[in-house]
Amino acid sequence: MLTDRNINPILLVEDNPLDLDLTVRAFATKNLTNPIQTARDGEEALKYIEKWDNGEPIPVVILLDLNMPKINGLEVLKEIKNHPEYKTIPVVILTTSSESADIKTAYQLGANSYIVKPVDFEKFVEVAGHIDLYWRILNKPV
Amino acid sequence: MMDAKYEIQILNQIIDAQLLLQSFSEVAKLRGFVIQQFKSIEGIDSCCICLRNTESVCGDNIPGAQEIQKDLLELPNSENDFSPHITKIKNQYVFNVKTTNRMFGYIIIQIKNKQVFDHLFTALSSFVNSFALHLENFQQKNQFYSNHQVNLLKKNPELKNEALHESEEKFKLAFQTSPDSINITRLTDGIIVEVNDGFPYITGFTKEEALGMKTEDLELWANPEDRNILAAQLKETGKVENFEFLRKRKDGEILYSTLFASLLKIKGVPHLISVIRDIDKRKKAEKEIVLSNENYRSLFNDSPIPLWEEDLSELLSYLNELKQKGINDFSTYFDNNPEELKACSAKIKIIDVNKATLNLHHAKNKEELLDNLDKIFTEKSFLIFKEEVIAIVGGITEFESEAEVKTLTGELRYIHLKFKIDQSEKGVARAILATLDITERKQSEIKLKSSEERLRLATEFANVAVWEFDFRNNNMTRSKNHDLLYGLEYKEKWDFENYQKCTHPDDWEYTNEMIQKSTAPGGSGKYKFDFRVVYPDLTIHWLNVTGIVVERNENGEAIVVRGTLIDVTDRKQKEDAIKQKSKDLTTLLEISQTLTTKLNMESVLQNLVNRATNLIGLDTGAIYLVKGQDLYLRAATPPIPPDFPDEFRHALLIDHPHINKSLSSGLPVIIPDLNTADLTPAEKAIKETRSMRSLLYVPLLIENRANGVLILGTDKEVREFSEAEINLYRTMSGQAAMAIYNSQLFEEVKKLNQELENRVGERTDELTNSQAALLNLVEDLNEKSEQLEQSTRLLETKNKELETFTYSVSHDLKAPLRGIDGYSKLLQDSYKTQLDGEANIFLTNIRESAHKMNELIHDLLEYSRLERSQESIEKLRIKHLIQTITSIYKKELDAGNFDLIITIDDIEIEADSKGISIALRNLIENSIKFTTGKPNPTITIGMEEGESSWILSVKDNGIGFDMKYKKKIFDIFQRLHRVEEFPGTGIGLAMVNKAMQRMNGKVRAMSSPGNGATFYLEIPKTI
């Protein structure tokens, strides 16, 4: 369960540094002020689990890229969605791949949403806005 | 029965005692003596004397004696009570001790054995009388004399005289009354001076005759020697006691007597007083006893019947003991305690066994037998012994039974046992046991019984009757079942006439002859034969009779014949049947053997006709085989001569109606007499040639199809064919037909077989060749298949590689594009104020390039995907699909004011929907692209059915194109316009082309510049 809604971090799992930066900037453009946790690959992403166990704030949404070195996104998705505690964290797949196989697998593994990153930055900013909306619903006070 | 010996002994005793009475001088002693004497007699239990003048009872304490004594004491002196006291106590007797003058008292005795007592009663009475006399003496003496008084007498002669006188009187009395013969003779000359009353009684001489005579004159001595002996003894001792001698009576009878003699002085002259007692009876009895003993002993020993003499005293006392212990059901007792029975048998003392007994048990001597007594008893013996013992216990003295024993050598013997016990002597129980050997008789009995039984069974169950005929009275003694054998009920009388009446007339003569021959004088005396009898219901039965002459008269003629009579009808019938069957079978066997061992047609048939003809002794035979309407003579006996006319060898069925008949009916046909029969010319001809008289036609059929015919018959004589014979041939004909058929088949089979072999040979070769060819083909196929597999695998691998490649490409190529576009935009946005127009344009260009790049990558990806994707043919509602696709472009269509016309029927086609979608989409996109801006932009989509395909058309009224490029436009990345004129990478139509190619379809374009374009998609119909 989300322990502290007020902190509301977002976990962003992305290996491409440019993509990472652009995503952050896109969120900023949309006035998302939430703290953004980052992981540069699957391994780092999974390390967060330990952190959350130790009391670090649990993100309200995880933005997950699929193609990553070491442990790829689908695996991370699987781990998180199988975790007794953290499977409830919404995971949005944010990726360039539009392969239907990928989409299917992602949903099978429990992805909450699947967004194909547009090359066009403006469109991407729109996407970020949608995520904000999504996140906002979650952010309703208990 | 009392032992005679014993009786005599007692009598003697009593007599002696009587004489001894006088020796007692005192009453008391006398009394005691009397009591003693009584008691010494067997049978007298106790004795006591009650006398007057005595205070108490003397002797045993017998109940009632005291009372009697009391009465006596109270009796006044003068009174004499002569009434006997009869006591009410059983077994008691009271003697009155009295003389004629006086009564002295009673002697009371208790009797144990009344028998004994009765026998001795007279003697005892006499004894008691003597006792009484002596008591009278004593009384007188005592009254007047005591011992002292006797002495006084001695001194006083007067008294003496008186005393003497007294005593003389007494003596006189005694002398007279004694039953014995007493005579006094003068010693010197032997003259008899005095005799008593008893003398005449004993000697037969009267007093008058005797007195004054010499004893020897009277011839009292049967043996004069005796007298001398007597005299001698007298001289020696002065008295003689118990001298036994033979005396003669007056009538000459010689008797045994015993003599007591004593010297006596009468008036100083020596006299002899002799008391003669008759002991003849006794003596004779003694002698008899001895004799009978001897007789008995010799009888015992020489008896042919085995005898045992046994002493059962010990056994009896033992049994009594058991009785006293309370055992009364001895049968059960011995059943429960078999050792007791054995103990009983041990208590029997064997006194003697006779020779016959030794022989019976195969014993050499008495000792051997007695040592091995246990060997002679069997289980059964003991059972009988038990019965014996029970009988003994019950007091039965005689016992008879059948029993069994064994010899010392272990042989079993049956005996008839008789057993007699003599318990008369006190304390002794003797028995004589006779065991008659009835073994032979018993065995015979058993044998007889069993043979009787056997005979009875035999006759009862075997329907055997026994008879005995007496010629003299013409009478037949017979068993009850005899008459039944003639079908009659038992008659009282059976005689020769009956026999004659019942016998079958055909058999009468010869059976009679046989009987006469054997019973005649000098004949064999035996006969045995079977003969027929006719029952009242006229059925015929066979009987077997045996007879033996058992008695002949003096002329040798048979008088009595004895024999048996048995019904053998069944047997006879069976015998006949068997005989016949046996014969038939033998023949059939022979025939069948021949038939089955040969397959050669000619020999089969020849053999067959030969055998068939010989079977019942016929003369001629022939076999014709039939084929359709033709007859072929194939075999005959007597053999066919070489010059036999052909028309006989091969004839037509119609010319031989008899053969025809038998063949068509399947039944035998008979011509009893050819001379008189109705024959066709062909048949007549044959008859003459072959010489035939009676014929039998037997058809040879297989499954009711005529195969041939067997013709048999006689040549000269007329002959009947019996049913049995015909049946025999029918049986045979089946086999024969079979054999012929087999033979024919065999030939065919051989032929076919050969053909088959040839064909098989050919075929085999063919097959071998094709097989080889086939194998080669298979090999090729296998090779090719493998190659194909390899190629496929390769292809798959390549495909996979390609996929990965395109995936990576698209993904990785796009990323930098995002960077380019992203930062360009940010730059534009964030540094808007610091950038001039040109800078903006630059940035915009940068951005657009990135977008373009993206597009290309995208299309490339799509194209490659189309390449890779699987075609899937499915049922497709084509109109619906088109509507769905066009709806995707609704926005653009609306924005451009497009008029969309779809003229397609709502039909279903089978096609690859994905492919069609992609093709359509691209076409529609193109149409929109190249018709936007034109007035009344219209897109028309329609479909037509061709013969082998559907034609889907997309028509627009856009800019159109020059037909010279109709091929080029479908190349990948090929454009007909500049980038700034129309967007797009030039992949659209390539996609359409690809899509149609995949489904084996085609795309064609029709256009002219400025007049729009129509694209036709040829969708092939699936078969």
# chains A, B, ... in the order shown; residues from 1 in each chain; ligands from 1
$ closest_atom_pairs --of "chain B" --to "chain A" --cutoff "8 Å" --atoms "only C-alpha atoms" --output "CSV"
residue,atom,partner,partner_atom,distance
B:Tyr807,CA,A:Ser97,CA,7.9
B:Ser810,CA,A:Ser97,CA,7.9
B:His811,CA,A:Thr96,CA,6.0
B:Lys814,CA,A:Val119,CA,7.0
B:Ala815,CA,A:Asp19,CA,7.5
B:Leu817,CA,A:Val119,CA,6.2
B:Arg818,CA,A:Val119,CA,4.4
B:Gly819,CA,A:Leu18,CA,5.9
B:Asp821,CA,A:Asp120,CA,6.1
B:Gly822,CA,A:Phe121,CA,4.7
B:Tyr823,CA,A:Leu22,CA,7.5
B:Lys825,CA,A:Phe121,CA,6.7
B:Ala850,CA,A:Val119,CA,8.0
B:His851,CA,A:Asp120,CA,7.0
B:Asn854,CA,A:Val119,CA,7.2
$ write_last_selection --atoms "N, CA and C atoms" --output "CSV table (one decimal), in the first residue's frame"
chain,number,residue,atom,x,y,z
B,807,TYR,N,13.4,-5.1,-35.7
B,807,TYR,CA,12.9,-4.6,-34.4
B,807,TYR,C,14.0,-3.7,-33.8
B,810,SER,N,14.3,-0.5,-35.8
B,810,SER,CA,13.3,0.5,-35.6
B,810,SER,C,13.5,1.2,-34.2
B,811,HIS,N,13.7,0.3,-33.2
B,811,HIS,CA,13.8,0.9,-31.9
B,811,HIS,C,15.0,1.8,-31.7
B,814,LYS,N,15.0,5.0,-33.8
B,814,LYS,CA,14.1,6.1,-33.4
B,814,LYS,C,14.6,6.9,-32.2
B,815,ALA,N,15.3,6.2,-31.4
B,815,ALA,CA,15.7,6.9,-30.1
B,815,ALA,C,16.5,8.3,-30.4
B,817,LEU,N,16.3,10.0,-32.9
B,817,LEU,CA,15.4,11.0,-33.5
B,817,LEU,C,14.6,11.7,-32.5
B,818,ARG,N,14.3,11.0,-31.4
B,818,ARG,CA,13.6,11.7,-30.3
B,818,ARG,C,14.5,12.8,-29.7
B,819,GLY,N,15.7,12.4,-29.6
B,819,GLY,CA,16.6,13.4,-29.1
B,819,GLY,C,16.7,14.6,-29.9
B,821,ASP,N,14.6,15.7,-32.2
B,821,ASP,CA,13.4,16.4,-32.2
B,821,ASP,C,13.1,17.1,-30.8
B,822,GLY,N,13.3,16.3,-29.8
B,822,GLY,CA,13.0,16.8,-28.5
B,822,GLY,C,13.8,18.1,-28.1
B,823,TYR,N,15.1,18.0,-28.2
B,823,TYR,CA,15.9,19.1,-27.9
B,823,TYR,C,15.7,20.3,-28.8
B,825,LYS,N,13.0,21.1,-30.1
B,825,LYS,CA,11.8,21.8,-29.6
B,825,LYS,C,12.0,22.5,-28.4
B,850,ALA,N,13.9,15.0,-38.7
B,850,ALA,CA,13.8,13.9,-37.7
B,850,ALA,C,12.4,13.2,-37.9
B,851,HIS,N,11.4,14.0,-38.1
B,851,HIS,CA,10.1,13.4,-38.4
B,851,HIS,C,10.1,12.5,-39.6
B,854,ASN,N,11.7,9.3,-39.1
B,854,ASN,CA,10.8,8.5,-38.3
B,854,ASN,C,9.8,7.8,-39.2
$ select_by_dssp --residues "chain A" --states "strand (DSSP E)" --output "list in words"
Ile10, Leu11, Leu12, Val13, Ile36, Gln37, Thr38, Ala39, Val61, Ile62, Leu63, Leu64, Val91, Val92, Ile93, Leu94, Thr95, Ser113, Tyr114, Ile115 and Val116 of chain A
$ residues_around --residues "segment 77-80 of chain A" --least-positions-apart "6" --cutoff "10 Å" --atoms "only C-alpha atoms" --output "number ranges by chain"
A: 42, 45-46, 49, 62, 64-66, 86-93, 106-111
$ closest_residue --among "B:Arg730, B:Lys39, B:Arg978, B:Lys929" --to "Asp956 of chain B" --atoms "only C-alpha atoms"
B:Lys929
$ select_by_dssp --residues "segment 142-261 of chain B" --states "alpha helix (DSSP H)" --output "PyMOL selection string"
chain B and resi 142-144+147-155+157-177+198-203+207-210+224-237
$ residues_around --residues "Asp655 of chain B" --least-positions-apart "4" --cutoff "12 Å" --atoms "only C-alpha atoms" --output "PyMOL selection string"
chain B and resi 629-631+647-648+650-651+659-661+679-686
$ write_last_selection --atoms "all heavy atoms" --output "compact mmCIF listing (two decimals), in the first residue's frame"
# COMPACT_ATOMS: atom_id res chain seq x y z
N GLN B 629 -25.34 -85.75 -70.08
CA GLN B 629 -26.26 -86.78 -70.54
C GLN B 629 -25.54 -88.04 -70.99
O GLN B 629 -26.17 -88.96 -71.50
CB GLN B 629 -27.11 -86.22 -71.72
CG GLN B 629 -28.08 -85.13 -71.28
CD GLN B 629 -29.10 -85.65 -70.29
OE1 GLN B 629 -29.70 -86.70 -70.47
NE2 GLN B 629 -29.30 -84.92 -69.22
N ASP B 630 -24.26 -88.04 -70.80
CA ASP B 630 -23.46 -89.16 -71.27
C ASP B 630 -23.06 -90.08 -70.13
O ASP B 630 -22.75 -89.64 -69.04
CB ASP B 630 -22.18 -88.66 -71.95
CG ASP B 630 -22.50 -87.84 -73.18
OD1 ASP B 630 -22.86 -88.45 -74.21
OD2 ASP B 630 -22.44 -86.59 -73.08
N LEU B 631 -23.07 -91.35 -70.50
CA LEU B 631 -22.61 -92.34 -69.54
C LEU B 631 -21.32 -92.95 -70.06
O LEU B 631 -21.21 -93.28 -71.25
CB LEU B 631 -23.65 -93.46 -69.40
CG LEU B 631 -24.93 -93.11 -68.66
CD1 LEU B 631 -25.97 -94.19 -68.89
CD2 LEU B 631 -24.65 -92.95 -67.19
N GLU B 647 -20.46 -98.86 -78.05
CA GLU B 647 -21.75 -98.28 -77.59
C GLU B 647 -22.06 -98.67 -76.15
O GLU B 647 -22.92 -98.07 -75.53
CB GLU B 647 -22.91 -98.68 -78.52
CG GLU B 647 -23.09 -100.17 -78.70
CD GLU B 647 -22.42 -100.65 -79.98
OE1 GLU B 647 -21.39 -100.05 -80.37
OE2 GLU B 647 -22.91 -101.61 -80.58
N PHE B 648 -21.37 -99.68 -75.70
CA PHE B 648 -21.57 -100.00 -74.29
C PHE B 648 -20.65 -99.16 -73.41
O PHE B 648 -20.96 -98.86 -72.28
CB PHE B 648 -21.32 -101.48 -74.02
CG PHE B 648 -22.28 -102.37 -74.73
CD1 PHE B 648 -21.87 -103.62 -75.21
CD2 PHE B 648 -23.60 -101.99 -74.94
CE1 PHE B 648 -22.75 -104.45 -75.87
CE2 PHE B 648 -24.48 -102.82 -75.59
CZ PHE B 648 -24.05 -104.07 -76.08
N HIS B 650 -19.66 -96.09 -74.09
CA HIS B 650 -20.16 -94.72 -74.04
C HIS B 650 -21.60 -94.73 -74.48
O HIS B 650 -21.87 -94.98 -75.65
CB HIS B 650 -19.29 -93.83 -74.94
CG HIS B 650 -19.79 -92.41 -75.01
ND1 HIS B 650 -19.30 -91.52 -75.93
CD2 HIS B 650 -20.72 -91.75 -74.30
CE1 HIS B 650 -19.93 -90.36 -75.78
NE2 HIS B 650 -20.80 -90.48 -74.79
N ALA B 651 -22.49 -94.49 -73.57
CA ALA B 651 -23.91 -94.54 -73.89
C ALA B 651 -24.60 -93.25 -73.47
O ALA B 651 -24.01 -92.40 -72.80
CB ALA B 651 -24.54 -95.74 -73.17
N ILE B 659 -30.85 -96.63 -65.06
CA ILE B 659 -29.74 -95.83 -64.51
C ILE B 659 -30.22 -94.41 -64.25
O ILE B 659 -29.97 -93.82 -63.19
CB ILE B 659 -28.54 -95.79 -65.47
CG1 ILE B 659 -27.97 -97.21 -65.66
CG2 ILE B 659 -27.47 -94.83 -64.94
CD1 ILE B 659 -26.80 -97.28 -66.61
N ASN B 660 -30.96 -93.92 -65.24
CA ASN B 660 -31.46 -92.55 -65.13
C ASN B 660 -32.30 -92.37 -63.88
O ASN B 660 -32.16 -91.40 -63.13
CB ASN B 660 -32.29 -92.24 -66.39
CG ASN B 660 -32.39 -90.74 -66.60
OD1 ASN B 660 -31.76 -89.96 -65.88
ND2 ASN B 660 -33.17 -90.34 -67.58
N LYS B 661 -33.18 -93.36 -63.70
CA LYS B 661 -34.08 -93.27 -62.54
C LYS B 661 -33.27 -93.20 -61.24
O LYS B 661 -33.54 -92.37 -60.39
CB LYS B 661 -34.98 -94.51 -62.53
CG LYS B 661 -36.05 -94.44 -61.47
CD LYS B 661 -37.17 -95.47 -61.76
CE LYS B 661 -37.86 -95.81 -60.44
NZ LYS B 661 -38.41 -97.15 -60.46
N LEU B 679 -37.31 -103.70 -70.65
CA LEU B 679 -36.01 -103.09 -70.91
C LEU B 679 -36.00 -102.38 -72.26
O LEU B 679 -36.70 -102.79 -73.19
CB LEU B 679 -34.92 -104.18 -70.94
CG LEU B 679 -34.78 -105.04 -69.68
CD1 LEU B 679 -33.80 -106.18 -69.96
CD2 LEU B 679 -34.29 -104.21 -68.51
N THR B 680 -35.15 -101.35 -72.31
CA THR B 680 -34.93 -100.68 -73.59
C THR B 680 -33.98 -101.54 -74.41
O THR B 680 -33.28 -102.40 -73.84
CB THR B 680 -34.30 -99.30 -73.38
OG1 THR B 680 -33.04 -99.46 -72.73
CG2 THR B 680 -35.22 -98.39 -72.55
N PRO B 681 -33.92 -101.30 -75.67
CA PRO B 681 -33.00 -102.08 -76.51
C PRO B 681 -31.56 -102.03 -76.02
O PRO B 681 -30.90 -103.07 -75.97
CB PRO B 681 -33.11 -101.39 -77.89
CG PRO B 681 -34.41 -100.67 -77.87
CD PRO B 681 -34.77 -100.38 -76.47
N ALA B 682 -31.12 -100.84 -75.59
CA ALA B 682 -29.74 -100.73 -75.10
C ALA B 682 -29.54 -101.61 -73.89
O ALA B 682 -28.53 -102.31 -73.76
CB ALA B 682 -29.42 -99.28 -74.79
N GLU B 683 -30.52 -101.55 -72.98
CA GLU B 683 -30.41 -102.34 -71.78
C GLU B 683 -30.43 -103.83 -72.12
O GLU B 683 -29.66 -104.62 -71.57
CB GLU B 683 -31.55 -101.99 -70.80
CG GLU B 683 -31.38 -100.60 -70.16
CD GLU B 683 -32.59 -100.18 -69.35
OE1 GLU B 683 -33.72 -100.62 -69.68
OE2 GLU B 683 -32.42 -99.41 -68.38
N LYS B 684 -31.32 -104.19 -73.05
CA LYS B 684 -31.39 -105.60 -73.43
C LYS B 684 -30.06 -106.06 -73.96
O LYS B 684 -29.56 -107.13 -73.60
CB LYS B 684 -32.46 -105.78 -74.52
CG LYS B 684 -33.86 -106.02 -73.99
CD LYS B 684 -34.69 -106.89 -74.96
CE LYS B 684 -36.16 -106.84 -74.56
NZ LYS B 684 -36.95 -105.82 -75.28
N ALA B 685 -29.49 -105.23 -74.83
CA ALA B 685 -28.22 -105.61 -75.46
C ALA B 685 -27.17 -105.90 -74.41
O ALA B 685 -26.47 -106.91 -74.46
CB ALA B 685 -27.77 -104.49 -76.40
N ILE B 686 -27.09 -105.03 -73.49
CA ILE B 686 -26.09 -105.20 -72.42
C ILE B 686 -26.35 -106.50 -71.68
O ILE B 686 -25.43 -107.28 -71.38
CB ILE B 686 -26.13 -104.02 -71.44
CG1 ILE B 686 -25.42 -102.79 -71.99
CG2 ILE B 686 -25.54 -104.41 -70.09
CD1 ILE B 686 -24.02 -102.57 -71.47
$ residues_around --residues "Val1003 of chain B" --least-positions-apart "3" --cutoff "7 Å" --atoms "only C-alpha atoms" --output "ChimeraX atom specification"
/B:993,996,1015-1018
$ write_last_selection --atoms "N, CA and C atoms" --output "PDB file, in the first residue's frame"
ATOM      1  N   ASN B 993       1.173  -3.686 -53.340  1.00  0.00           N
ATOM      2  CA  ASN B 993       1.681  -4.735 -54.224  1.00  0.00           C
ATOM      3  C   ASN B 993       2.078  -5.980 -53.412  1.00  0.00           C
ATOM      4  N   MET B 996      -0.881  -7.847 -52.030  1.00  0.00           N
ATOM      5  CA  MET B 996      -1.600  -8.671 -53.014  1.00  0.00           C
ATOM      6  C   MET B 996      -0.787  -9.864 -53.451  1.00  0.00           C
ATOM      7  N   PHE B1015      -7.550   1.998 -58.807  1.00  0.00           N
ATOM      8  CA  PHE B1015      -6.687   0.834 -58.501  1.00  0.00           C
ATOM      9  C   PHE B1015      -7.565  -0.386 -58.340  1.00  0.00           C
ATOM     10  N   TYR B1016      -7.154  -1.463 -59.015  1.00  0.00           N
ATOM     11  CA  TYR B1016      -7.941  -2.718 -58.936  1.00  0.00           C
ATOM     12  C   TYR B1016      -7.133  -3.750 -58.156  1.00  0.00           C
ATOM     13  N   LEU B1017      -7.813  -4.257 -57.155  1.00  0.00           N
ATOM     14  CA  LEU B1017      -7.201  -5.361 -56.379  1.00  0.00           C
ATOM     15  C   LEU B1017      -7.859  -6.673 -56.810  1.00  0.00           C
ATOM     16  N   GLU B1018      -7.028  -7.557 -57.336  1.00  0.00           N
ATOM     17  CA  GLU B1018      -7.545  -8.876 -57.737  1.00  0.00           C
ATOM     18  C   GLU B1018      -7.348  -9.859 -56.569  1.00  0.00           C
TER      19      GLU B1018
END
$ atom_distance --atom1 "atom CA of Phe243 of chain B" --atom2 "atom CA of Val290 of chain B"
20.5 Å
$ closest_residue --among "A:Lys30, A:Lys104, A:Lys70, A:Lys51" --to "Asp15 of chain A" --atoms "only C-alpha atoms"
A:Lys70
$ atom_distance --atom1 "atom CA of Lys283 of chain B" --atom2 "atom CA of Ala232 of chain B"
24.1 Å
